[in-house]
file work-v1.txt (compact mmCIF, C-alpha atoms)
# COMPACT_ATOMS: atom_id res chain seq x y z
CA MET A 210 0.00 0.00 0.00
CA LEU A 211 1.21 3.49 -0.85
CA ILE A 212 -0.08 6.33 1.32
CA THR A 213 0.11 9.57 -0.66
CA HIS A 214 -0.46 13.32 -0.28
CA ALA A 215 0.24 13.34 3.45
CA ARG A 216 1.92 15.80 5.77
CA LEU A 217 4.34 13.32 7.33
CA ALA A 218 5.59 13.94 10.87
CA THR A 219 8.24 11.24 11.09
CA LEU A 220 9.40 11.71 14.71
CA GLY A 221 12.32 9.38 15.53
CA ALA A 222 15.98 10.37 15.98
CA ASP A 223 15.89 12.84 13.09
CA PRO A 224 12.34 14.23 13.10
CA GLN A 225 11.12 15.72 9.86
CA LEU A 226 7.93 17.18 8.49
CA ILE A 227 7.56 16.16 4.86
CA GLU A 228 5.03 18.13 2.87
CA ASP A 229 3.07 16.13 0.29
CA GLY A 230 4.77 13.05 1.65
CA ALA A 231 4.26 9.38 0.93
CA LEU A 232 4.85 6.04 2.67
CA LEU A 233 5.28 2.65 1.04
CA ILE A 234 4.09 -0.17 3.34
CA GLU A 235 5.17 -3.77 2.74
CA ASP A 236 4.76 -6.79 5.04
CA GLY A 237 3.67 -4.71 8.03
CA ALA A 238 6.64 -2.33 7.86
CA ILE A 239 7.50 0.98 6.24
CA ALA A 240 9.58 0.20 3.17
CA GLU A 241 10.16 3.74 1.85
CA VAL A 242 9.52 7.33 2.89
CA GLY A 243 9.58 10.28 0.50
CA THR A 244 7.42 12.68 -1.43
CA THR A 245 4.30 11.67 -3.29
CA ALA A 246 5.94 12.54 -6.61
CA GLU A 247 8.99 10.35 -5.89
CA LEU A 248 7.18 7.27 -4.64
CA THR A 249 4.35 7.23 -7.18
CA ILE A 250 6.92 7.27 -9.99
CA ARG A 251 8.86 4.40 -8.39
CA HIS A 252 5.76 2.33 -7.55
CA PRO A 253 3.12 3.00 -10.21
CA ARG A 254 1.20 -0.27 -9.69
CA VAL A 255 0.93 -0.28 -5.90
CA GLU A 256 -2.52 0.32 -4.38
CA ARG A 257 -2.75 3.97 -3.31
CA TRP A 258 -4.44 5.63 -0.37
CA ASP A 259 -4.72 9.38 -0.90
CA VAL A 260 -5.11 11.06 2.51
CA ASP A 261 -5.69 14.47 0.93
CA GLY A 262 -3.25 16.58 2.93
CA GLN A 263 -4.02 15.12 6.35
CA LEU A 264 -1.32 14.84 8.99
CA VAL A 265 0.20 11.36 9.30
CA MET A 266 2.33 10.49 12.32
CA PRO A 267 3.28 7.42 14.36
CA ALA A 268 0.56 5.68 16.37
CA ALA A 269 0.59 6.16 20.13
CA ILE A 270 1.86 3.70 22.75
CA CYS A 271 0.42 3.22 26.25
CA GLY A 272 3.02 2.21 28.83
CA HIS A 273 0.59 1.04 31.54
CA THR A 274 -3.13 0.37 31.53
CA HIS A 275 -5.87 -1.77 33.10
CA PHE A 276 -8.37 -3.16 30.59
CA TYR A 277 -10.34 -4.73 33.43
CA GLY A 278 -11.39 -1.32 34.75
CA ALA A 279 -13.70 -0.51 31.84
CA PHE A 280 -16.84 -1.54 33.72
CA ALA A 281 -16.21 1.10 36.41
CA ARG A 282 -17.31 3.91 34.10
CA GLY A 283 -20.33 5.64 35.58
CA MET A 284 -20.52 3.28 38.55
CA ALA A 285 -21.49 4.87 41.87
CA VAL A 286 -20.36 2.68 44.75
CA PRO A 287 -22.92 2.80 47.61
CA GLY A 288 -21.89 4.46 50.85
CA GLU A 289 -19.72 7.40 51.76
CA PRO A 290 -17.22 8.52 49.11
CA ALA A 291 -13.69 7.21 49.59
CA ARG A 292 -11.56 9.64 51.58
CA ASN A 293 -8.13 8.33 50.59
CA PHE A 294 -6.29 5.96 48.28
CA SER A 295 -6.66 2.93 50.55
CA GLN A 296 -10.42 3.36 50.58
CA ILE A 297 -10.48 3.76 46.79
CA LEU A 298 -8.77 0.38 46.48
CA GLU A 299 -10.94 -1.33 49.09
CA ARG A 300 -14.32 0.14 48.12
CA LEU A 301 -13.95 0.27 44.33
CA TRP A 302 -11.16 -1.61 42.60
CA TRP A 303 -10.81 -4.64 44.87
CA ARG A 304 -14.56 -5.13 44.83
CA LEU A 305 -14.83 -4.69 41.06
CA ASP A 306 -12.03 -7.09 40.19
CA ARG A 307 -13.57 -9.80 42.42
CA ALA A 308 -16.89 -9.42 40.55
CA LEU A 309 -15.44 -10.11 37.10
CA THR A 310 -16.12 -13.27 35.09
CA LEU A 311 -14.12 -14.40 32.07
CA ASP A 312 -16.81 -12.90 29.80
CA ASP A 313 -16.44 -9.63 31.69
CA VAL A 314 -12.67 -9.78 31.23
CA ARG A 315 -12.99 -10.25 27.48
CA TYR A 316 -15.53 -7.50 26.95
CA SER A 317 -13.73 -5.07 29.25
CA ALA A 318 -10.72 -5.56 27.00
CA LEU A 319 -12.77 -5.14 23.83
CA VAL A 320 -14.26 -1.88 25.15
CA CYS A 321 -10.79 -0.52 25.85
CA LEU A 322 -9.36 -1.74 22.56
CA ALA A 323 -12.12 -0.10 20.53
CA ASP A 324 -11.31 3.09 22.44
CA ALA A 325 -7.60 2.60 21.71
CA VAL A 326 -8.09 2.15 17.97
CA ARG A 327 -10.40 5.17 17.80
CA HIS A 328 -7.75 7.27 19.58
CA GLY A 329 -4.79 5.99 17.59
CA THR A 330 -3.13 3.83 20.26
CA THR A 331 -1.84 0.56 18.80
CA THR A 332 0.59 -0.76 21.43
CA LEU A 333 -0.52 -1.23 25.04
CA ILE A 334 1.04 -2.73 28.17
CA ASP A 335 -1.77 -4.13 30.32
CA HIS A 336 -1.91 -5.16 33.99
CA HIS A 337 -4.82 -7.47 34.84
CA ALA A 338 -6.72 -8.65 37.94
CA SER A 339 -9.82 -10.88 38.29
CA PRO A 340 -9.41 -12.97 41.48
CA ASN A 341 -12.48 -15.12 40.85
CA ALA A 342 -11.58 -15.75 37.19
CA ILE A 343 -7.80 -16.14 37.10
CA ALA A 344 -7.13 -19.23 34.99
CA GLY A 345 -7.45 -18.35 31.32
CA SER A 346 -7.99 -14.63 31.96
CA LEU A 347 -4.93 -13.64 29.94
CA ASP A 348 -6.13 -15.83 27.06
CA ALA A 349 -9.47 -13.98 27.13
CA ILE A 350 -7.65 -10.66 26.82
CA ALA A 351 -5.27 -12.03 24.18
CA GLY A 352 -8.22 -13.08 22.03
CA ALA A 353 -9.61 -9.55 22.19
CA VAL A 354 -6.20 -8.08 21.29
CA GLN A 355 -5.90 -10.34 18.25
CA GLN A 356 -9.43 -9.51 17.18
CA ALA A 357 -8.71 -5.78 17.40
CA GLY A 358 -5.43 -6.10 15.48
CA VAL A 359 -3.33 -4.09 17.94
CA ARG A 360 -0.40 -5.38 20.00
CA ALA A 361 -0.32 -5.77 23.78
CA SER A 362 1.87 -7.11 26.55
CA LEU A 363 -0.20 -8.89 29.20
CA CYS A 364 0.32 -9.99 32.80
CA TYR A 365 -1.71 -11.10 35.81
CA GLU A 366 -1.47 -9.12 39.05
CA VAL A 367 -0.15 -11.39 41.84
CA THR A 368 -1.23 -10.29 45.32
CA ASP A 369 -1.70 -11.77 48.81
CA ARG A 370 -4.90 -9.84 49.45
CA ASP A 371 -7.13 -12.68 48.21
CA GLY A 372 -5.33 -15.50 50.01
CA PRO A 373 -2.48 -17.93 49.23
CA GLU A 374 -4.43 -20.06 46.74
CA ARG A 375 -5.22 -17.09 44.50
CA ALA A 376 -1.67 -15.78 44.83
CA ALA A 377 -0.41 -19.15 43.58
CA ALA A 378 -3.02 -19.13 40.81
CA GLY A 379 -1.83 -15.66 39.71
CA ILE A 380 1.76 -16.88 39.53
CA ALA A 381 0.63 -19.89 37.50
CA GLU A 382 -1.38 -17.72 35.07
CA ASN A 383 1.63 -15.51 34.34
CA VAL A 384 3.86 -18.53 33.72
CA ARG A 385 1.27 -20.45 31.68
CA PHE A 386 0.49 -17.52 29.37
CA ALA A 387 4.15 -16.70 28.75
CA ALA A 388 4.93 -20.35 27.97
CA ALA A 389 2.08 -20.50 25.44
CA LEU A 390 3.55 -17.70 23.31
CA PRO A 391 5.73 -18.71 20.34
CA ALA A 392 9.39 -19.19 21.22
CA ALA A 393 10.35 -16.77 18.45
CA GLY A 394 7.96 -14.14 19.83
CA SER A 395 4.54 -13.00 18.69
CA PRO A 396 4.06 -9.86 16.56
CA HIS A 397 0.97 -8.87 18.56
CA LEU A 398 1.27 -10.50 22.01
CA ALA A 399 3.90 -10.49 24.72
CA ALA A 400 4.11 -11.25 28.43
CA SER A 401 5.51 -9.85 31.64
CA PHE A 402 5.02 -10.94 35.27
CA GLY A 403 2.40 -8.91 37.11
CA LEU A 404 2.60 -7.88 40.76
CA HIS A 405 0.11 -5.63 42.53
CA ALA A 406 2.26 -3.56 44.89
CA SER A 407 4.60 -3.92 47.83
CA LEU A 408 1.76 -3.23 50.26
CA THR A 409 -0.11 -6.43 49.32
CA LEU A 410 2.89 -8.75 48.83
CA SER A 411 4.73 -10.70 51.52
CA ASP A 412 8.43 -11.50 51.34
CA GLU A 413 7.51 -15.14 50.73
CA THR A 414 5.25 -14.35 47.78
CA LEU A 415 7.83 -11.98 46.30
CA ALA A 416 10.42 -14.76 46.50
CA ASP A 417 8.05 -17.20 44.79
CA CYS A 418 7.42 -14.65 42.03
CA VAL A 419 11.13 -14.02 41.50
CA ASP A 420 11.75 -17.76 41.15
CA ALA A 421 8.84 -18.22 38.72
CA ALA A 422 9.65 -15.16 36.62
CA GLY A 423 13.32 -16.07 36.43
CA ALA A 424 12.53 -19.53 35.12
CA ALA A 425 10.14 -18.01 32.57
CA GLY A 426 12.56 -15.25 31.52
CA LEU A 427 10.14 -12.47 32.46
CA GLY A 428 10.53 -9.01 33.94
CA PHE A 429 7.96 -7.53 36.31
CA HIS A 430 5.14 -5.00 36.01
CA VAL A 431 4.35 -3.57 39.46
CA HIS A 432 2.80 -0.49 41.12
CA VAL A 433 5.42 1.36 43.16
CA ALA A 434 4.82 4.05 45.78
CA GLU A 435 1.65 5.28 44.13
CA ASP A 436 0.48 6.61 47.48
CA VAL A 437 2.38 7.30 50.69
CA VAL A 438 0.54 4.33 52.26
CA ASP A 439 2.78 2.01 50.21
CA GLN A 440 5.88 3.55 51.79
CA GLU A 441 4.37 3.47 55.28
CA ASP A 442 3.48 -0.20 54.88
CA SER A 443 6.94 -1.13 53.61
CA LEU A 444 8.72 0.73 56.42
CA ARG A 445 6.45 -0.85 59.00
CA LYS A 446 6.89 -4.39 57.70
CA SER A 447 10.52 -4.37 56.62
CA GLY A 448 12.18 -1.15 57.79
CA LYS A 449 12.91 -0.41 54.11
CA ARG A 450 11.42 1.95 51.59
CA VAL A 451 9.49 0.36 48.73
CA VAL A 452 12.13 0.58 46.00
CA GLN A 453 14.82 -0.75 48.33
CA ARG A 454 12.58 -3.65 49.40
CA LEU A 455 11.75 -4.55 45.80
CA HIS A 456 15.40 -4.19 44.77
CA GLU A 457 16.61 -6.52 47.50
CA ALA A 458 13.87 -9.00 46.58
CA GLY A 459 15.19 -9.15 43.00
CA ILE A 460 12.29 -7.33 41.34
CA LEU A 461 14.05 -4.38 39.71
CA GLY A 462 15.91 -4.49 36.41
CA PRO A 463 15.84 -3.38 32.77
CA ARG A 464 12.86 -5.66 31.97
CA THR A 465 10.78 -4.36 34.91
CA ILE A 466 8.19 -1.57 34.82
CA ALA A 467 7.67 0.36 38.07
CA VAL A 468 4.34 2.16 37.76
CA HIS A 469 3.75 5.63 39.26
CA CYS A 470 6.71 6.15 41.66
CA VAL A 471 4.97 9.22 43.07
CA HIS A 472 6.49 8.91 46.56
CA VAL A 473 10.10 7.93 45.91
CA ASP A 474 13.10 9.78 47.31
CA ARG A 475 16.48 10.45 45.70
CA GLU A 476 18.05 7.25 46.98
CA GLU A 477 15.22 5.28 45.45
CA MET A 478 15.63 7.18 42.18
CA ALA A 479 19.30 6.21 42.21
CA LEU A 480 18.35 2.54 42.65
CA LEU A 481 15.84 2.75 39.82
CA ALA A 482 18.46 4.35 37.59
CA SER A 483 21.31 1.99 38.43
CA SER A 484 19.11 -1.07 37.92
CA GLY A 485 17.77 0.22 34.60
CA THR A 486 14.18 -0.13 35.80
CA TRP A 487 11.50 1.59 33.75
CA VAL A 488 9.05 4.00 35.39
CA THR A 489 5.69 5.00 33.91
CA HIS A 490 3.87 8.23 34.67
CA GLN A 491 0.04 8.41 34.76
CA PRO A 492 -0.95 12.03 35.52
CA ARG A 493 -4.72 11.74 35.07
CA SER A 494 -4.94 8.79 37.45
CA ASN A 495 -2.68 10.45 40.01
CA MET A 496 -4.88 13.55 39.99
CA ASN A 497 -8.09 11.51 40.20
CA ASN A 498 -6.80 9.49 43.18
CA ALA A 499 -5.29 12.61 44.80
CA VAL A 500 -2.05 10.73 45.51
CA GLY A 501 0.40 13.45 44.45
CA VAL A 502 2.64 14.28 41.50
CA ALA A 503 5.67 12.20 40.52
CA ALA A 504 8.97 14.07 40.19
CA VAL A 505 9.30 13.07 36.55
CA GLU A 506 11.89 15.64 35.50
CA GLU A 507 14.03 14.87 38.53
CA MET A 508 13.86 11.15 37.75
CA LEU A 509 14.86 11.76 34.14
CA GLN A 510 17.78 13.92 35.25
CA ALA A 511 18.84 11.12 37.61
CA GLY A 512 18.97 8.71 34.68
CA VAL A 513 15.68 6.92 35.29
CA PRO A 514 13.94 6.00 32.02
CA VAL A 515 10.37 7.35 32.30
CA ALA A 516 7.53 6.51 29.91
CA LEU A 517 3.85 7.48 29.80
CA GLY A 518 0.81 5.34 30.64
CA ASN A 519 -2.84 5.93 31.49
CA ASP A 520 -3.63 3.52 34.39
CA GLY A 521 -6.94 2.53 32.83
CA PHE A 522 -8.18 5.99 31.88
CA SER A 523 -9.25 6.37 28.25
CA ASN A 524 -6.69 5.17 25.73
CA ASN A 525 -6.47 8.70 24.37
CA MET A 526 -2.76 9.18 25.00
CA PHE A 527 -2.92 12.73 23.66
CA ALA A 528 -5.16 13.61 26.63
CA GLU A 529 -2.49 12.09 28.89
CA ILE A 530 0.19 14.25 27.25
CA LYS A 531 -1.90 17.39 27.74
CA ALA A 532 -2.63 16.52 31.37
CA ALA A 533 1.06 15.99 32.11
CA TYR A 534 1.97 19.26 30.39
CA LEU A 535 -0.41 21.24 32.61
CA LEU A 536 -0.11 19.30 35.89
CA HIS A 537 3.61 19.77 36.40
CA LYS A 538 3.46 23.47 35.63
CA LEU A 539 0.74 23.94 38.24
CA GLN A 540 2.38 21.70 40.82
CA GLN A 541 5.76 23.46 40.49
CA ARG A 542 4.19 26.88 39.87
CA ASP A 543 6.67 27.21 37.02
CA PRO A 544 5.58 27.58 33.37
CA ARG A 545 8.93 26.13 32.29
CA ALA A 546 8.18 22.77 33.92
CA MET A 547 7.55 19.71 31.72
CA PRO A 548 8.14 21.30 28.30
CA GLY A 549 6.29 19.93 25.31
CA ASP A 550 9.33 18.49 23.54
CA LEU A 551 10.29 16.53 26.66
CA LEU A 552 6.77 15.13 26.87
CA LEU A 553 6.80 14.09 23.22
CA ARG A 554 10.08 12.22 23.77
CA MET A 555 8.56 10.45 26.78
CA ALA A 556 5.34 9.54 24.98
CA TYR A 557 7.00 8.32 21.79
CA SER A 558 10.75 7.62 22.03
CA ASN A 559 10.71 6.41 25.64
CA ASN A 560 7.49 4.43 25.24
CA ALA A 561 8.90 2.82 22.11
CA ALA A 562 12.14 1.92 23.88
CA MET A 563 10.17 0.38 26.76
CA ALA A 564 8.02 -1.58 24.30
CA GLY A 565 11.33 -2.96 23.04
CA ILE A 566 11.38 -5.13 26.18
CA PHE A 567 8.61 -7.14 24.55
CA TRP A 568 9.22 -6.65 20.82
CA PRO A 569 12.97 -6.08 20.49
CA ALA A 570 12.96 -6.48 16.71
CA LEU A 571 10.34 -3.75 16.15
CA ARG A 572 11.05 -0.07 15.68
CA LEU A 573 8.00 1.79 16.92
CA ALA A 574 6.92 5.43 17.16
CA GLU A 575 8.68 6.63 14.02
CA LEU A 576 7.87 6.82 10.32
CA THR A 577 11.17 5.71 8.84
CA ALA A 578 12.23 2.93 6.49
CA GLY A 579 12.29 -0.33 8.40
CA ALA A 580 10.01 0.83 11.21
CA ALA A 581 6.71 -0.88 11.99
CA ALA A 582 3.83 0.51 9.93
CA ASP A 583 1.94 1.81 12.99
CA LEU A 584 0.45 5.19 12.18
CA VAL A 585 -2.52 7.52 12.47
CA VAL A 586 -4.12 9.84 9.92
CA ILE A 587 -5.28 13.12 11.44
CA ASP A 588 -7.61 15.70 9.92
CA TYR A 589 -5.57 18.58 11.33
CA HIS A 590 -5.07 21.67 9.19
CA PRO A 591 -3.46 24.29 11.45
CA THR A 592 -3.96 27.99 11.05
CA THR A 593 -0.32 28.64 12.01
CA PRO A 594 2.89 27.17 10.55
CA LEU A 595 3.50 23.49 11.39
CA MET A 596 7.11 22.32 11.47
CA ALA A 597 9.01 19.40 12.94
CA GLY A 598 10.28 21.66 15.71
CA ASN A 599 6.92 22.99 16.89
CA LEU A 600 4.88 19.78 16.52
CA PRO A 601 4.70 19.17 20.32
CA TRP A 602 2.91 22.45 20.91
CA HIS A 603 0.53 21.86 18.00
CA LEU A 604 -0.40 18.54 19.61
CA ILE A 605 -0.95 20.20 22.99
CA PHE A 606 -2.77 23.37 21.92
CA GLY A 607 -4.30 22.69 18.50
CA TYR A 608 -4.86 19.01 18.00
CA GLU A 609 -7.64 16.84 19.43
CA ALA A 610 -7.80 13.04 19.26
CA SER A 611 -11.27 13.33 17.71
CA MET A 612 -9.47 14.52 14.58
CA ILE A 613 -8.04 11.02 13.98
CA THR A 614 -9.67 9.54 10.88
CA ALA A 615 -7.61 6.35 10.46
CA THR A 616 -5.46 4.00 12.52
CA VAL A 617 -3.00 1.45 11.13
CA CYS A 618 -1.09 -1.25 13.04
CA ALA A 619 1.57 -3.42 11.40
CA GLY A 620 0.29 -2.27 8.01
CA ARG A 621 -3.28 -3.37 8.71
CA VAL A 622 -5.95 -0.66 8.58
CA LEU A 623 -7.96 -0.89 11.82
CA MET A 624 -10.01 2.28 11.31
CA ARG A 625 -10.64 4.28 8.15
CA GLU A 626 -12.84 7.34 7.74
CA ARG A 627 -13.54 6.97 11.48
CA GLN A 628 -15.11 3.52 10.93
CA LEU A 629 -13.68 0.61 12.95
CA LEU A 630 -12.87 -2.26 10.60
CA THR A 631 -11.86 -5.06 12.98
CA LEU A 632 -14.30 -4.57 15.85
CA ASP A 633 -18.10 -4.44 15.89
CA GLU A 634 -18.48 -1.44 18.18
CA ALA A 635 -22.28 -1.70 18.38
CA GLU A 636 -22.15 -5.36 19.45
CA ILE A 637 -19.36 -4.67 21.96
CA THR A 638 -21.31 -1.76 23.43
CA ALA A 639 -24.56 -3.70 23.74
CA ARG A 640 -23.00 -6.79 25.30
CA SER A 641 -20.70 -4.88 27.65
CA ARG A 642 -23.67 -2.86 28.90
CA GLU A 643 -25.42 -6.13 29.85
CA LEU A 644 -22.33 -7.62 31.46
CA ALA A 645 -21.49 -4.43 33.36
CA ALA A 646 -25.01 -4.22 34.80
CA ALA A 647 -24.71 -7.78 36.08
CA ALA A 648 -21.24 -7.12 37.52
CA TRP A 649 -22.53 -4.02 39.30
CA THR A 650 -25.32 -6.11 40.84
CA ARG A 651 -22.82 -8.71 42.07
CA LEU A 652 -20.56 -5.98 43.41

call {"tool": "encode", "arguments": {"input": "work-v1.txt", "output": "structure tokens"}}
result
Amino acid sequence: MLITHARLATLGADPQLIEDGALLIEDGAIAEVGTTAELTIRHPRVERWDVDGQLVMPAAICGHTHFYGAFARGMAVPGEPARNFSQILERLWWRLDRALTLDDVRYSALVCLADAVRHGTTTLIDHHASPNAIAGSLDAIAGAVQQAGVRASLCYEVTDRDGPERAAAGIAENVRFAAALPAAGSPHLAASFGLHASLTLSDETLADCVDAAGAAGLGFHVHVAEDVVDQEDSLRKSGKRVVQRLHEAGILGPRTIAVHCVHVDREEMALLASSGTWVTHQPRSNMNNAVGVAAVEEMLQAGVPVALGNDGFSNNMFAEIKAAYLLHKLQQRDPRAMPGDLLLRMAYSNNAAMAGIFWPALRLAELTAGAAADLVVIDYHPTTPLMAGNLPWHLIFGYEASMITATVCAGRVLMRERQLLTLDEAEITARSRELAAAAWTRL
């Protein structure tokens, strides 16, 4: 397929904006990049897709999400509103995840994946929990991922909060799913080893997880110091701060994702940096849970690789970028905080590098020859000059995700002219509404 008459924002190491640009896609990858005139002369017989001057740029990546949370939308939990993070977990999330069936798990994923395709997000790193439907839960999600045509890394959240049998079942689900993937890797599915958080994991369970993950060749995906309660629990139980405890347990490393890290100190940042552990930042979730603001710029300066996730909020990663841009300025009372170009590097280059844990042979988040053909077509025609150098501020101040007209993953068109091509959105909506109502009743 030859995409023609595009304004190409290539991103990557040498970002360019190519006017009247074209992309040749072959076997799921970008084969050539140039102008429409150049590529149509070289490839006169290739099927053409004229995007009529729309902006084309790499598809978005989500560094941390929770598909299982989709059924919480609009749900009002009976009783007094939660006053703090612990109550949010106990009254909402730990009740919701216990109510989920395998059908719920599948349709929660489908709801989120339809949302992802519509908002141009084609690579997602998910973290799952369903204590009363553990065995086969990752297969249910994987089926939804394959149906949607995106790519996702999956894991099951091991925790002690539901008893030793379910903790063991969570370990087994991580190992089973990883072992079922092709030895050479899957182009659309990958695995990590899920952990809830230090505050719900004993030393014994952590040791069991380290043994199981090591044998399976997996890194970890774990919430870290999201709220101060995680630090208080770790100090009370072990006399160590969370990052130190996890480090000494063998959890940290270059294949591990530490989610949030809102309440980490400089010594913990140094441990994260020296171990090569990835951190993901989720500003909308942190604001919603009133847990605080992660010191993202300080972590980056300390050498910690930081990427961007959404923690189960909408898979509109452009909304996450905008939230981060504004939040840090307000929190620091400094308009220079979290500049747009830094955010774009986090959301694209850093997220792509972190996705390399799972798909090391893929080059993501750039429109260059040899990169994966993951891209979005955007009906954005700015009233001011658009250049490679000012693209971040166009995305923050001018662009809206509703302007996306097409989404492509690995060369496959998942949405065109705003119509989903791989998912029946009406069927997903109708069935998920039925399942969610039943889950709310059980909850």

call {"tool": "closest_residue", "arguments": {"input": "work-v1.txt", "among": "A:His273, A:Arg475, A:Arg445, A:Arg254", "to": "Asn524 in chain A", "atoms": "only C-alpha atoms"}}
result
A:His273

call {"tool": "residues_near_point", "arguments": {"input": "work-v1.txt", "point": "(9.2, 20.7, 23.6)", "cutoff": "9 Å", "atoms": "all atoms listed in the file", "output": "tab-separated table (two decimals) with C-alpha atoms, in the coordinates of the input"}}
result
chain	number	residue	atom	x	y	z
A	547	MET	CA	7.55	19.71	31.72
A	548	PRO	CA	8.14	21.30	28.30
A	549	GLY	CA	6.29	19.93	25.31
A	550	ASP	CA	9.33	18.49	23.54
A	551	LEU	CA	10.29	16.53	26.66
A	552	LEU	CA	6.77	15.13	26.87
A	553	LEU	CA	6.80	14.09	23.22
A	554	ARG	CA	10.08	12.22	23.77
A	598	GLY	CA	10.28	21.66	15.71
A	599	ASN	CA	6.92	22.99	16.89
A	600	LEU	CA	4.88	19.78	16.52
A	601	PRO	CA	4.70	19.17	20.32
A	602	TRP	CA	2.91	22.45	20.91

call {"tool": "closest_atom_pairs", "arguments": {"input": "work-v1.txt", "of": "range 514-575 of chain A", "to": "range 387-402 of chain A", "cutoff": "10 Å", "atoms": "all atoms listed in the file", "output": "Markdown table"}}
result
| residue | atom | partner | partner_atom | distance |
| --- | --- | --- | --- | --- |
| A:Ala564 | CA | A:Ala399 | CA | 9.8 |
| A:Ile566 | CA | A:Ser401 | CA | 9.3 |
| A:Phe567 | CA | A:Ala399 | CA | 5.8 |
| A:Trp568 | CA | A:Pro396 | CA | 7.4 |
| A:Pro569 | CA | A:Gly394 | CA | 9.5 |
| A:Ala570 | CA | A:Pro396 | CA | 9.5 |
| A:Leu571 | CA | A:Pro396 | CA | 8.8 |

call {"tool": "write_last_selection", "arguments": {"input": "work-v1.txt", "atoms": "C-alpha atoms", "output": "short mmCIF file (atom, residue, chain, number, x, y, z; two decimals), in the coordinates of the input"}}
result
data_model
loop_
_atom_site.label_atom_id
_atom_site.label_comp_id
_atom_site.auth_asym_id
_atom_site.auth_seq_id
_atom_site.Cartn_x
_atom_site.Cartn_y
_atom_site.Cartn_z
CA ALA A 564 8.02 -1.58 24.30
CA ILE A 566 11.38 -5.13 26.18
CA PHE A 567 8.61 -7.14 24.55
CA TRP A 568 9.22 -6.65 20.82
CA PRO A 569 12.97 -6.08 20.49
CA ALA A 570 12.96 -6.48 16.71
CA LEU A 571 10.34 -3.75 16.15
#

call {"tool": "closest_residue", "arguments": {"input": "work-v1.txt", "among": "A:Arg572, A:His456, A:Arg307, A:Arg315", "to": "Ile637 in chain A", "atoms": "all atoms listed in the file"}}
result
A:Arg315

call {"tool": "closest_residue", "arguments": {"input": "work-v1.txt", "among": "A:Thr414, A:Val451, A:Phe522, A:Ala218", "to": "Leu604 in chain A", "atoms": "all atoms listed in the file"}}
result
A:Ala218

call {"tool": "atom_distance", "arguments": {"input": "work-v1.txt", "atom1": "CA of Lys449 in chain A", "atom2": "CA of Ile297 in chain A"}}
result
24.9 Å

call {"tool": "closest_residue", "arguments": {"input": "work-v1.txt", "among": "A:His328, A:Arg304, A:Arg385, A:Arg450", "to": "Ile343 in chain A", "atoms": "all atoms listed in the file"}}
result
A:Arg385

call {"tool": "atom_distance", "arguments": {"input": "work-v1.txt", "atom1": "CA of Leu623 in chain A", "atom2": "CA of Val468 in chain A"}}
result
28.9 Å

call {"tool": "residues_around", "arguments": {"input": "work-v1.txt", "residues": "Val488 in chain A", "least_positions_apart": "6", "cutoff": "6 Å", "atoms": "all atoms listed in the file", "output": "JSON, numbers by chain"}}
result
{"A": [466, 467, 468, 515]}

call {"tool": "residues_around", "arguments": {"input": "work-v1.txt", "residues": "Glu289 in chain A", "least_positions_apart": "3", "cutoff": "10 Å", "atoms": "only C-alpha atoms", "output": "VMD selection string"}}
result
chain A and resid 286 292 300

call {"tool": "residues_around", "arguments": {"input": "work-v1.txt", "residues": "Ala281 in chain A", "least_positions_apart": "6", "cutoff": "12 Å", "atoms": "all atoms listed in the file", "output": "count of residues only"}}
result
25

call {"tool": "atom_distance", "arguments": {"input": "work-v1.txt", "atom1": "CA of Thr616 in chain A", "atom2": "CA of Asn560 in chain A"}}
result
18.2 Å

call {"tool": "residues_around", "arguments": {"input": "work-v1.txt", "residues": "Asp417 in chain A", "least_positions_apart": "5", "cutoff": "9 Å", "atoms": "only C-alpha atoms", "output": "list of chain:residue names"}}
result
A:Ala377, A:Ile380, A:Asp412, A:Ala422

call {"tool": "write_last_selection", "arguments": {"input": "work-v1.txt", "atoms": "C-alpha atoms", "output": "PDB file, in the frame of the given file"}}
result
ATOM      1  CA  ALA A 377      -0.410 -19.150  43.580  1.00  0.00           C
ATOM      2  CA  ILE A 380       1.760 -16.880  39.530  1.00  0.00           C
ATOM      3  CA  ASP A 412       8.430 -11.500  51.340  1.00  0.00           C
ATOM      4  CA  ALA A 422       9.650 -15.160  36.620  1.00  0.00           C
TER       5      ALA A 422
END

call {"tool": "residues_around", "arguments": {"input": "work-v1.txt", "residues": "Ala421 in chain A", "least_positions_apart": "2", "cutoff": "10 Å", "atoms": "only C-alpha atoms", "output": "list of chain:residue names"}}
result
A:Ile380, A:Ala381, A:Asn383, A:Val384, A:Phe402, A:Leu415, A:Ala416, A:Asp417, A:Cys418, A:Val419, A:Gly423, A:Ala424, A:Ala425, A:Gly426, A:Leu427

call {"tool": "closest_residue", "arguments": {"input": "work-v1.txt", "among": "A:Glu575, A:Glu457, A:Leu517, A:Ser407", "to": "Leu444 in chain A", "atoms": "all atoms listed in the file"}}
result
A:Ser407

call {"tool": "closest_residue", "arguments": {"input": "work-v1.txt", "among": "A:Asp436, A:Glu626, A:Asp588, A:Asp474", "to": "Leu298 in chain A", "atoms": "only C-alpha atoms"}}
result
A:Asp436

call {"tool": "closest_atom_pairs", "arguments": {"input": "work-v1.txt", "of": "range 382-493 of chain A", "to": "range 258-271 of chain A", "cutoff": "12 Å", "atoms": "all atoms listed in the file", "output": "tab-separated table"}}
result
residue	atom	partner	partner_atom	distance
A:Thr489	CA	A:Cys271	CA	9.5
A:His490	CA	A:Cys271	CA	10.4
A:Gln491	CA	A:Cys271	CA	10.0
